[in-house]
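Asker: My file is model.csv. It has CSV, C-alpha atoms and all ligand atoms:
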chain,number,residue,atom,x,y,z
Y,129,MET,CA,58.0,120.6,66.2
Y,130,GLN,CA,57.4,118.8,62.9
Y,131,THR,CA,59.4,120.2,60.0
Y,132,ALA,CA,59.5,119.2,56.4
Y,133,ASP,CA,62.9,117.6,57.1
Y,134,ASN,CA,62.0,115.3,59.9
Y,135,ILE,CA,58.8,114.2,58.1
Y,136,ALA,CA,61.1,113.3,55.2
Y,137,SER,CA,63.1,111.1,57.4
Y,138,ASP,CA,59.9,109.3,58.4
Y,139,LYS,CA,59.5,108.4,54.7
Y,140,ILE,CA,55.8,108.7,54.9
Y,141,PHE,CA,54.5,109.1,51.4
Y,142,ALA,CA,50.8,110.0,51.2
Y,143,TYR,CA,50.4,108.5,47.7
Y,144,LYS,CA,51.7,105.1,48.9
Y,145,ILE,CA,48.8,104.7,51.3
Y,146,ARG,CA,46.1,105.0,48.7
Y,147,GLY,CA,44.1,101.9,48.0
Y,148,VAL,CA,43.5,101.3,51.6
Y,149,ALA,CA,42.7,104.8,52.8
Y,150,LYS,CA,42.0,106.8,49.6
Y,151,ARG,CA,38.4,107.5,50.5
Y,152,SER,CA,39.1,108.4,54.1
Y,153,ILE,CA,41.9,110.8,52.9
Y,154,ALA,CA,39.5,112.4,50.5
Y,155,GLU,CA,37.2,113.1,53.4
Y,156,SER,CA,39.8,114.2,55.9
Y,157,LYS,CA,41.5,117.4,56.7
Y,158,PHE,CA,45.1,118.0,55.5
Y,159,ARG,CA,47.4,116.2,58.1
Y,160,ILE,CA,49.8,119.2,58.1
Y,161,ARG,CA,48.4,122.7,57.8
Y,162,PRO,CA,51.1,125.3,57.4
Y,163,LEU,CA,50.1,128.9,58.0
Y,164,PRO,CA,50.3,131.0,54.9
Y,165,LEU,CA,53.4,133.2,54.9
Y,166,GLU,CA,53.4,137.0,54.4
Y,167,ASP,CA,51.8,137.8,51.0
Y,168,GLU,CA,51.9,134.1,50.0
Y,169,LEU,CA,50.3,133.0,46.8
Y,170,LEU,CA,47.8,130.1,47.0
Y,171,SER,CA,49.7,127.9,44.6
Y,172,SER,CA,52.9,128.4,46.5
Y,173,TRP,CA,51.2,127.4,49.8
Y,174,LEU,CA,49.7,124.3,48.1
Y,175,VAL,CA,53.1,123.2,46.8
Y,176,ARG,CA,54.6,123.7,50.3
Y,177,THR,CA,51.7,121.8,51.9
Y,178,ALA,CA,52.0,118.9,49.5
Y,179,TYR,CA,55.8,118.7,50.1
Y,180,MET,CA,55.2,118.6,53.8
Y,181,HIS,CA,53.0,115.6,53.2
Y,182,HIS,CA,55.8,114.2,51.1
Y,183,SER,CA,53.7,114.1,48.1
Y,184,ASP,CA,53.9,115.5,44.6
Y,185,PRO,CA,51.5,118.6,44.4
Y,186,ALA,CA,49.3,117.0,41.7
Y,187,THR,CA,49.0,113.7,43.6
Y,188,PHE,CA,48.4,115.5,46.8
Y,189,LEU,CA,45.5,117.6,45.5
Y,190,ASN,CA,44.0,114.5,43.8
Y,191,LEU,CA,44.1,112.6,47.0
Y,192,TYR,CA,42.4,115.2,49.0
Y,193,LEU,CA,40.2,116.7,46.3
Y,194,PRO,CA,39.6,113.8,43.9
Y,195,GLU,CA,36.4,115.4,42.5
Y,196,TYR,CA,38.7,117.7,40.5
Y,197,ASP,CA,40.4,114.7,38.8
Y,198,TYR,CA,43.9,116.3,38.5
Y,199,ARG,CA,42.5,119.3,36.6
Y,200,LEU,CA,43.3,122.0,39.3
Y,201,TRP,CA,46.9,122.4,38.2
Y,202,ASP,CA,45.9,122.8,34.6
Y,203,THR,CA,44.2,126.0,35.3
Y,204,ASP,CA,45.6,129.2,36.8
Y,205,LEU,CA,44.9,128.0,40.3
Y,206,ASP,CA,45.5,131.5,41.8
Y,207,LEU,CA,42.9,133.1,39.7
Y,208,TYR,CA,40.6,130.2,39.3
Y,209,CYS,CA,40.0,129.6,43.0
Y,210,TYR,CA,36.2,130.2,43.1
Y,211,ASP,CA,34.0,130.1,46.2
Y,212,ILE,CA,33.6,126.4,46.2
Y,213,LEU,CA,37.3,125.6,46.1
Y,214,THR,CA,38.0,128.2,48.7
Y,215,ALA,CA,35.4,126.7,50.9
Y,216,LYS,CA,36.8,123.2,50.4
Y,217,LEU,CA,40.3,124.3,51.2
Y,218,ALA,CA,39.0,126.1,54.3
Y,219,ASP,CA,37.4,122.9,55.3
Y,220,LYS,CA,40.5,120.9,54.7
Y,221,THR,CA,42.6,123.2,56.9
Y,222,GLY,CA,40.2,124.6,59.5
Y,223,PHE,CA,41.3,128.1,58.4
Y,224,ILE,CA,38.6,130.7,57.8
Y,225,LYS,CA,37.6,131.1,54.2
Y,226,GLU,CA,39.0,134.6,54.1
Y,227,ARG,CA,42.4,133.3,54.8
Y,228,ILE,CA,42.4,131.1,51.7
Y,229,TYR,CA,40.7,133.9,49.7
Y,230,GLY,CA,43.5,136.3,50.8
Y,231,MET,CA,46.1,134.1,49.0
Y,232,THR,CA,44.3,134.2,45.7
Y,233,LEU,CA,44.6,136.9,43.0
Y,234,LYS,CA,40.9,137.4,43.3
Y,235,SER,CA,41.6,139.1,46.6
Y,236,TYR,CA,42.8,142.1,44.6
Y,237,GLU,CA,39.2,142.8,43.6
Y,238,SER,CA,38.1,146.3,44.3
Y,239,TYR,CA,41.7,147.3,45.0
Y,240,LEU,CA,43.5,146.6,41.7
Y,241,ALA,CA,40.4,146.6,39.6
Y,242,GLU,CA,36.7,146.9,40.3
Y,243,LYS,CA,36.4,143.3,39.2
Y,244,ILE,CA,39.0,140.5,38.9
Y,245,TYR,CA,38.1,138.0,36.2
Y,246,SER,CA,39.0,134.3,36.4
Y,247,ASN,CA,40.4,134.4,32.9
Y,248,ASN,CA,43.2,136.6,31.2
Y,249,ARG,CA,41.3,139.8,31.1
Y,250,ASN,CA,42.9,141.5,34.1
Y,251,LYS,CA,44.9,144.6,33.2
Y,252,PHE,CA,47.7,144.3,35.8
Y,253,ILE,CA,47.8,140.5,36.5
Y,254,ILE,CA,50.3,138.6,34.4
Y,255,PRO,CA,48.3,135.9,32.6
Y,256,ILE,CA,49.7,132.4,32.7
Y,257,TYR,CA,48.3,131.5,29.3
Y,258,ARG,CA,48.6,133.5,26.1
Y,259,ARG,CA,45.2,134.6,24.8
Y,260,GLN,CA,43.4,132.2,22.6
Y,261,ARG,CA,46.3,129.7,22.6
Y,262,ASN,CA,46.8,127.4,25.5
Y,263,VAL,CA,50.5,128.2,25.7
Y,264,ARG,CA,52.2,128.8,29.0
Y,265,GLN,CA,54.2,132.0,29.1
Y,266,PHE,CA,56.4,134.0,31.5
Y,267,ALA,CA,53.9,134.7,34.3
Y,268,GLN,CA,55.4,134.0,37.6
Y,269,ARG,CA,58.3,136.2,38.8
Y,270,VAL,CA,60.6,135.7,41.7
Y,271,CYS,CA,63.2,137.6,43.5
Y,272,PRO,CA,66.2,135.2,43.9
Y,273,VAL,CA,67.5,137.1,47.0
Y,274,CYS,CA,64.1,136.8,48.8
Y,275,LEU,CA,64.0,133.1,48.0
Y,276,LYS,CA,67.5,132.7,49.3
Y,277,GLU,CA,66.7,134.6,52.6
Y,278,ASP,CA,63.4,132.8,53.1
Y,279,LYS,CA,63.5,130.2,55.9
Y,280,GLU,CA,61.2,128.3,53.6
Y,281,ALA,CA,61.2,129.6,50.0
Y,282,TYR,CA,57.8,130.7,48.8
Y,283,LEU,CA,56.1,132.8,46.1
Y,284,ARG,CA,54.6,136.2,46.8
Y,285,LYS,CA,51.2,137.2,45.5
Y,286,LYS,CA,52.4,140.5,44.2
Y,287,TRP,CA,55.0,138.8,42.0
Y,288,ARG,CA,52.1,138.1,39.6
Y,289,LEU,CA,51.6,141.8,38.9
Y,290,PHE,CA,53.0,143.6,35.8
Y,291,PHE,CA,54.3,146.4,37.9
Y,292,SER,CA,56.3,144.0,40.1
Y,293,THR,CA,59.4,144.3,38.0
Y,294,ALA,CA,61.9,144.6,40.8
Y,295,CYS,CA,62.2,143.7,44.5
Y,296,ILE,CA,62.1,146.9,46.5
Y,297,LYS,CA,63.7,145.2,49.5
Y,298,HIS,CA,66.7,143.9,47.6
Y,299,LYS,CA,66.7,146.5,44.8
Y,300,CYS,CA,67.1,144.0,42.0
Y,301,PHE,CA,65.1,142.9,39.0
Y,302,LEU,CA,62.7,140.0,39.4
Y,303,ILE,CA,63.2,137.1,37.1
Y,304,ASP,CA,60.6,135.0,35.3
Y,305,SER,CA,62.7,132.4,33.6
Y,306,CYS,CA,65.6,130.1,34.3
Y,307,PRO,CA,68.9,132.0,34.1
Y,308,SER,CA,70.5,128.8,32.9
Y,309,CYS,CA,68.3,127.6,30.1
Y,310,GLY,CA,65.6,130.3,29.6
Y,311,THR,CA,62.6,128.1,30.3
Y,312,PRO,CA,59.7,130.1,31.8
Y,313,PHE,CA,59.1,129.4,35.5
Y,314,ALA,CA,55.9,127.5,36.2
Y,315,VAL,CA,54.8,126.8,39.7
Y,316,ASN,CA,53.1,123.5,38.9
Y,317,LYS,CA,55.9,121.9,37.0
Y,318,ARG,CA,59.1,120.5,38.4
Y,319,LEU,CA,62.0,118.2,37.4
Y,320,TYR,CA,62.2,116.5,40.8
Y,321,ASP,CA,60.5,116.9,44.1
Y,322,GLY,CA,62.1,119.2,46.6
Y,323,ASN,CA,64.3,122.3,46.4
Y,324,PHE,CA,61.3,124.5,45.5
Y,325,PRO,CA,61.5,126.5,43.3
Y,326,HIS,CA,63.6,125.2,40.5
Y,327,CYS,CA,63.6,125.1,36.7
Y,328,ARG,CA,61.3,122.4,35.4
Y,329,LYS,CA,63.6,121.7,32.5
Y,330,CYS,CA,67.2,121.7,33.9
Y,331,GLY,CA,66.6,121.7,37.6
Y,332,PHE,CA,68.4,125.0,38.3
Y,333,SER,CA,67.5,126.4,41.7
Y,334,PHE,CA,66.1,129.9,41.5
Y,335,LYS,CA,67.6,130.7,44.9
Y,336,THR,CA,71.0,130.5,43.3
Y,337,ALA,CA,70.3,132.9,40.5
Y,338,GLU,CA,72.6,135.9,40.3
Y,339,PRO,CA,70.5,139.1,41.0
Y,340,GLU,CA,70.8,142.1,38.7
Y,341,PHE,CA,70.9,145.1,41.1
Y,342,ILE,CA,69.4,148.5,40.4
Y,343,ASN,CA,70.8,151.9,41.6
Y,344,GLU,CA,69.1,152.6,44.9
Y,345,ASN,CA,68.3,156.1,43.7
Y,346,SER,CA,66.3,154.9,40.7
Y,347,TYR,CA,62.9,156.4,40.7
Y,348,GLY,CA,61.5,153.1,39.4
Y,349,LEU,CA,61.9,151.6,42.9
Y,350,LYS,CA,60.0,154.4,44.5
Y,351,ALA,CA,57.3,154.0,41.8
Y,352,ILE,CA,56.9,150.3,42.8
Y,353,GLN,CA,56.6,151.2,46.4
Y,354,LYS,CA,54.0,153.8,45.7
Y,355,LEU,CA,52.0,151.3,43.6
Y,356,TYR,CA,52.1,148.8,46.4
Y,357,ASP,CA,51.0,151.5,48.9
Y,358,ILE,CA,48.0,152.4,46.8
Y,359,LEU,CA,47.2,148.7,46.3
Y,360,ASN,CA,47.4,147.8,50.0
Y,361,LYS,CA,45.5,150.8,51.2
Y,362,GLY,CA,42.8,150.7,48.6
Y,363,THR,CA,43.0,154.4,48.3
Y,364,PHE,CA,45.2,157.0,46.6
Y,365,GLU,CA,45.8,160.6,47.3
Y,366,PHE,CA,45.8,163.1,44.6
Y,367,GLU,CA,45.9,166.9,45.0
Y,368,SER,CA,45.2,166.4,48.8
Y,369,ARG,CA,42.1,164.3,48.2
Y,370,PHE,CA,41.5,160.6,48.6
Y,371,TYR,CA,40.0,158.2,46.0
Y,372,TYR,CA,39.5,154.5,45.5
Y,373,SER,CA,42.6,152.8,44.3
Y,374,PHE,CA,41.0,151.0,41.3
Y,375,LEU,CA,40.1,154.4,39.8
Y,376,PHE,CA,43.8,155.2,39.8
Y,377,PHE,CA,44.8,151.8,38.2
Y,378,ASP,CA,42.2,152.4,35.5
Y,379,MET,CA,43.8,155.6,34.5
Y,380,LEU,CA,47.3,154.2,34.8
Y,381,ASN,CA,46.3,151.5,32.3
Y,382,HIS,CA,44.8,154.2,30.1
Y,383,PHE,CA,48.0,156.1,30.0
Y,384,THR,CA,50.0,153.0,28.9
Y,385,LYS,CA,48.0,153.2,25.7
Y,386,PHE,CA,49.3,156.7,24.9
Y,387,ILE,CA,52.8,155.4,25.2
Y,388,LYS,CA,52.0,152.5,23.1
Y,389,TRP,CA,50.6,154.8,20.4
Y,390,GLY,CA,53.9,156.8,20.5
Y,391,TYR,CA,53.1,159.9,22.7
Y,392,ARG,CA,56.3,160.2,24.6
Y,393,LYS,CA,57.2,163.9,24.7
Y,394,ASN,CA,58.0,165.0,28.2
Y,395,LEU,CA,57.8,161.4,29.4
Y,396,PRO,CA,60.3,161.0,32.2
Y,397,ILE,CA,62.1,157.9,30.9
Y,398,GLU,CA,64.8,156.8,33.3
Y,399,GLU,CA,68.3,156.5,31.8
Y,400,ASN,CA,70.7,153.6,32.1
Y,401,ILE,CA,68.0,151.0,32.4
Y,402,LEU,CA,67.2,150.1,28.8
Y,403,GLY,CA,70.7,151.1,27.5
Y,404,ALA,CA,70.4,152.5,23.9
Y,405,GLU,CA,67.0,150.8,23.4
Y,406,ASP,CA,63.8,152.8,23.5
Y,407,LEU,CA,60.3,151.7,24.5
Y,408,PRO,CA,58.9,150.0,21.4
Y,409,ALA,CA,55.9,151.6,19.6
Y,410,SER,CA,53.1,149.1,18.8
Y,411,ASN,CA,50.0,148.8,16.7
Y,412,ALA,CA,49.0,145.4,18.0
Y,413,GLN,CA,45.2,145.4,18.4
Y,414,GLY,CA,43.5,144.0,21.5
Y,415,ILE,CA,46.7,143.4,23.4
Y,416,SER,CA,47.6,145.6,26.3
Y,417,TYR,CA,50.9,147.4,25.9
Y,418,VAL,CA,52.5,146.0,29.1
Y,419,THR,CA,52.0,142.4,27.9
Y,420,GLU,CA,54.2,143.2,24.9
Y,421,LEU,CA,57.1,144.5,27.0
Y,422,GLY,CA,60.0,142.9,28.9
Y,423,ILE,CA,60.5,143.3,32.6
Y,424,LYS,CA,63.0,146.2,32.2
Y,425,GLU,CA,60.7,148.0,29.7
Y,426,GLN,CA,57.9,147.6,32.2
Y,427,TYR,CA,60.1,149.0,35.0
Y,428,VAL,CA,60.8,152.1,32.9
Y,429,ILE,CA,57.1,152.7,31.9
Y,430,PHE,CA,55.8,152.4,35.4
Y,431,SER,CA,58.6,154.6,36.7
Y,432,ALA,CA,57.7,157.3,34.1
Y,433,LEU,CA,53.9,157.1,34.7
Y,434,MET,CA,54.2,157.2,38.5
Y,435,ARG,CA,56.3,160.3,38.1
Y,436,LEU,CA,53.8,161.9,35.8
Y,437,SER,CA,50.9,161.1,38.2
Y,438,GLU,CA,52.6,163.0,41.0
Y,439,SER,CA,50.7,166.1,40.3
Y,440,LYS,CA,47.9,167.5,38.2
Y,441,GLU,CA,50.4,169.9,36.7
Y,442,SER,CA,52.7,167.3,35.3
Y,443,MET,CA,49.8,165.2,33.9
Y,444,VAL,CA,48.3,168.3,32.1
Y,445,ARG,CA,51.8,169.2,30.8
Y,446,PHE,CA,52.3,165.7,29.3
Y,447,LEU,CA,48.9,165.8,27.7
Y,448,SER,CA,49.4,169.3,26.3
Y,449,VAL,CA,52.8,168.8,24.8
Y,450,ASN,CA,51.8,165.6,23.2
Y,451,LYS,CA,48.6,167.3,21.9
Y,452,ILE,CA,46.4,164.6,23.4
Y,453,THR,CA,43.0,166.2,23.0
Y,454,VAL,CA,39.9,165.5,24.9
Y,455,LYS,CA,38.7,163.4,22.0
Y,456,LYS,CA,41.8,161.2,22.2
Y,457,LEU,CA,41.6,161.1,25.9
Y,458,SER,CA,38.1,159.8,25.9
Y,459,ARG,CA,38.6,157.3,23.2
Y,460,SER,CA,38.4,153.7,24.5
Y,461,MET,CA,37.6,155.1,27.9
Y,462,ASP,CA,34.2,154.1,29.3
Y,463,TYR,CA,34.1,156.9,31.7
Y,464,ILE,CA,36.2,159.7,33.2
Y,465,PRO,CA,37.0,158.9,36.8
Y,466,PHE,CA,36.0,161.9,38.9
Y,467,TRP,CA,39.5,162.4,40.3
Y,468,PHE,CA,40.6,162.9,36.8
Y,469,SER,CA,37.8,165.3,35.7
Y,470,ASP,CA,39.8,168.3,36.8
Y,471,ILE,CA,42.6,167.4,34.5
Y,472,TYR,CA,40.1,166.6,31.8
Y,473,ASP,CA,38.5,170.0,32.2
Y,474,THR,CA,41.8,171.7,32.0
Y,475,ILE,CA,42.6,170.0,28.7
Y,476,ASN,CA,39.0,170.6,27.6
Y,477,LYS,CA,39.5,174.3,28.5
Y,478,THR,CA,36.5,174.2,30.7
Y,479,LYS,CA,37.4,176.7,33.4
Y,480,TYR,CA,36.3,175.0,36.5
Y,481,SER,CA,35.2,171.7,37.8
Y,482,TYR,CA,32.8,171.2,40.6
Y,483,ASN,CA,32.2,168.0,42.4
Y,484,ILE,CA,28.9,166.2,42.4
Y,485,ILE,CA,27.6,167.4,45.7
Y,486,GLU,CA,28.3,171.0,44.8
Y,487,THR,CA,26.6,170.6,41.5
Y,488,ARG,CA,23.6,168.8,43.1
Y,489,ASN,CA,23.3,171.6,45.7
Y,490,ALA,CA,23.4,174.2,42.9
Y,491,LEU,CA,20.7,172.4,41.0
Y,492,LEU,CA,18.5,172.3,44.2
Y,493,TYR,CA,19.2,176.0,44.7
Y,494,LEU,CA,18.0,176.8,41.2
Y,495,GLN,CA,14.9,174.7,41.6
Y,496,LYS,CA,14.1,176.3,44.9
Y,497,ASN,CA,14.3,179.7,43.4
Y,498,GLY,CA,12.1,178.9,40.5
Y,499,ILE,CA,15.0,179.0,37.9
Y,500,THR,CA,15.1,176.2,35.3
Y,501,PRO,CA,17.8,173.8,36.4
Y,502,ASN,CA,19.8,173.6,33.2
Y,503,ILE,CA,23.5,173.9,32.3
Y,504,LYS,CA,23.2,177.5,31.2
Y,505,ASN,CA,21.7,178.7,34.5
Y,506,LEU,CA,24.1,176.4,36.4
Y,507,TYR,CA,27.1,178.1,34.8
Y,508,LYS,CA,25.5,181.5,35.5
Y,509,ILE,CA,25.5,180.9,39.3
Y,510,TYR,CA,29.1,179.5,39.1
Y,511,GLY,CA,30.0,182.7,37.4
Y,512,MET,CA,31.3,181.0,34.3
Y,513,GLY,CA,30.6,181.5,30.6
Y,514,VAL,CA,29.0,178.6,28.8
Y,515,SER,CA,31.8,176.6,27.0
Y,516,LYS,CA,31.2,175.9,23.3
Y,601,ZN,ZN,63.9,140.4,47.3
Y,602,ZN,ZN,66.6,125.7,33.3
Represent the structure of the file as structure tokens.

Answerer:
Amino acid sequence: MQTADNIASDKIFAYKIRGVAKRSIAESKFRIRPLPLEDELLSSWLVRTAYMHHSDPATFLNLYLPEYDYRLWDTDLDLYCYDILTAKLADKTGFIKERIYGMTLKSYESYLAEKIYSNNRNKFIIPIYRRQRNVRQFAQRVCPVCLKEDKEAYLRKKWRLFFSTACIKHKCFLIDSCPSCGTPFAVNKRLYDGNFPHCRKCGFSFKTAEPEFINENSYGLKAIQKLYDILNKGTFEFESRFYYSFLFFDMLNHFTKFIKWGYRKNLPIEENILGAEDLPASNAQGISYVTELGIKEQYVIFSALMRLSESKESMVRFLSVNKITVKKLSRSMDYIPFWFSDIYDTINKTKYSYNIIETRNALLYLQKNGITPNIKNLYKIYGMGVSK
């Protein structure tokens, strides 16, 4: 079996054979085509593939995909991978397109959000670039213990999500920067080739980072597990009914705004995570709250929100004690997801909520019986008073 090591001993460097065979390389398949690992991120797979060819990742991509003229690594490759590139990579590997697509963050579309954008507008995906400024920031997280245990170290797709603050397997916080010099980790930059992943500035190996463990009873770990379950299944269960997962994530994002604006009464904040610190309040316009927070603060906020969302009762209680009115609730919200309408109605003091089918049937019933199908008559057959 060919492994990265015995290829290394062959000292075959792809970039050394350009000149003679550059054109034929551009038209050929990758010589070595490693299978994507469990939950592997596209950029990670490309780095591994390049190293197996004993080539620098930028050189490698330029040899096989010269039409992009070295620009691929300048973008957020995991988000940017459009249909054309996906098809090209499928062609270079002989893998089906879905296999390449599955490694991109775009594959979270209709799970994490109805739409995944190829820029920074995704609510739960950590952006690589800061808005409006082309500055790289802390975007890629890693679990040092996972990397250490990996037969071949690689990056997980879910490590690009804001709620991936800790590793649920190893019960430790993820890290997004070099523990030795503080430089943000970037998948496309390195100090030397090999020993992936390491700090691009000082060469520190992320596999050797000392993990910061979390008490195994911490609710935050359960919260992350629940979030992953919802994301993987594409559905979530609330009050014994099932709904699409992105409708849940929409509401989760909405609730982070209340915490940003300072509504924190009855918020189940875990102790011993932030020390004496509190979650900061913020007035920053146009920036989502989670992007302003550090990993531990994000851990605490998702822990609290997942606990709140366990039942209708706890959500209603939170909204009530914080005096979050229907007006506040609907502000900056395009629509009320139907799973939430029951909670909305309770806050709104509308007595009951009926689902769409029931309502439609009721309207048909009214029509059939020659009664004007309006709200007043609808409420009458439901036995409710008309709310003011
Ligand atoms: Zn881990
Ligand atoms: Zn460093």

Asker: Go through Y:His182, Y:Arg392, Y:Arg176, Y:Lys220 one by one, measure the shortest atom-to-atom distance of each to Y:Ala154 using all atoms listed in the file, and give the residue with the smallest value.

Answerer: Y:Lys220

Asker: Please give me, as a list in words, the residues lying within 8 Å of ligand ZN 602 (chain Y) when counting all atoms listed in the file.

Answerer: Ser305, Cys306, Pro307, Ser308, Cys309, Gly310, Thr311, His326, Cys327, Arg328, Lys329, Cys330, Gly331 and Phe332 of chain Y

Asker: Which value, in Å to one decimal, gives the distance between atom CA of Y:Ile352 and atom CA of Y:Phe430?

Answerer: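 Distance between the two atoms: 7.8 Å.
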
Asker: Could you list the protein, DNA and RNA residues that have any atom within 6 Å of ligand ZN 601 (chain Y), counting all atoms listed in the file, and write them as a list in words?

Answerer: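 Result of the 6 Å neighbour search around ligand ZN 601 (chain Y): Cys271, Val273, Cys274, Cys295, Lys297 and His298 of chain Y.
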
Asker: Could you please determine the separation between atom CA of Y:Phe290 and atom CA of Y:Ile253 in Å, to one decimal place?

Answerer: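 Atom CA of Y:Ile253 lies at a distance of 6.1 Å from atom CA of Y:Phe290.
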
Asker: Between Y:Ser183, Y:Gln495, Y:Asn250, Y:Thr177, which is the closest to Y:Tyr320 once you count only C-alpha atoms?

Answerer: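 Nearest candidate to Y:Tyr320 out of Y:Ser183, Y:Gln495, Y:Asn250, Y:Thr177: Y:Ser183.
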
Asker: Let me make sure I understand: among Y:Tyr347, Y:Phe223, Y:Tyr493, Y:Tyr198, which one has the smallest atom-to-atom distance to Y:Leu163 if we use only C-alpha atoms?

Answerer: Y:Phe223

Asker: Using only C-alpha atoms, can you tell me which of Y:Ile397, Y:Gly390, Y:Tyr239, Y:Lys385 comes closest to Y:Gly414?

Answerer: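 Closest to Y:Gly414, using only C-alpha atoms: Y:Lys385.
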
Asker: With distances taken over all atoms listed in the file, which of Y:Gln426, Y:Ser238, Y:Gln413, Y:Ser431 is nearest to Y:Leu359?

Answerer: Y:Ser238

Asker: If you measure from atom CA of Y:Phe376 to atom CA of Y:Val444, what distance in Å do you get, rounded to one decimal?

Answerer: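 Here the two named atoms are 15.8 Å from each other.
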
Asker: So, with all atoms listed in the file as the atoms that count, which of Y:His382, Y:Arg159, Y:Lys440, Y:Lys335 lies closest to Y:Ser368?

Answerer: Y:Lys440

Asker: Using only C-alpha atoms, list the residues that have an atom at most 9 Å from (42.6, 156.5, 38.1), coordinates as in the file, as an mmCIF file with C-alpha atoms, keeping the file's coordinate frame.

Answerer:
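Just written: result_25.cif:
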data_model
loop_
_atom_site.group_PDB
_atom_site.id
_atom_site.type_symbol
_atom_site.label_atom_id
_atom_site.label_comp_id
_atom_site.auth_asym_id
_atom_site.auth_seq_id
_atom_site.Cartn_x
_atom_site.Cartn_y
_atom_site.Cartn_z
ATOM 1 C CA PHE Y 364 45.200 157.000 46.600
ATOM 2 C CA TYR Y 371 40.000 158.200 46.000
ATOM 3 C CA TYR Y 372 39.500 154.500 45.500
ATOM 4 C CA SER Y 373 42.600 152.800 44.300
ATOM 5 C CA PHE Y 374 41.000 151.000 41.300
ATOM 6 C CA LEU Y 375 40.100 154.400 39.800
ATOM 7 C CA PHE Y 376 43.800 155.200 39.800
ATOM 8 C CA PHE Y 377 44.800 151.800 38.200
ATOM 9 C CA ASP Y 378 42.200 152.400 35.500
ATOM 10 C CA MET Y 379 43.800 155.600 34.500
ATOM 11 C CA LEU Y 380 47.300 154.200 34.800
ATOM 12 C CA ASN Y 381 46.300 151.500 32.300
ATOM 13 C CA HIS Y 382 44.800 154.200 30.100
ATOM 14 C CA ILE Y 464 36.200 159.700 33.200
ATOM 15 C CA PRO Y 465 37.000 158.900 36.800
ATOM 16 C CA PHE Y 466 36.000 161.900 38.900
ATOM 17 C CA TRP Y 467 39.500 162.400 40.300
ATOM 18 C CA PHE Y 468 40.600 162.900 36.800
#

Asker: Residues at most 10 Å from Y:Ala218, counting all atoms listed in the file, excluding those fewer than 5 positions away in the same chain, as a list of chain:residue names?

Answerer: Y:Lys157, Y:Ile212, Y:Leu213, Y:Phe223, Y:Ile224, Y:Lys225, Y:Glu226, Y:Arg227, Y:Ile228, Y:Tyr229

Asker: If the box runs along x, y and z of the file and leaves 3 Å on each side of stretch 188-205 of chain Y, what are its centre and edge lengths in Å, one decimal, as JSON?

Answerer:
{"center_x": 42.4, "center_y": 120.9, "center_z": 41.8, "size_x": 18.0, "size_y": 22.6, "size_z": 20.4}
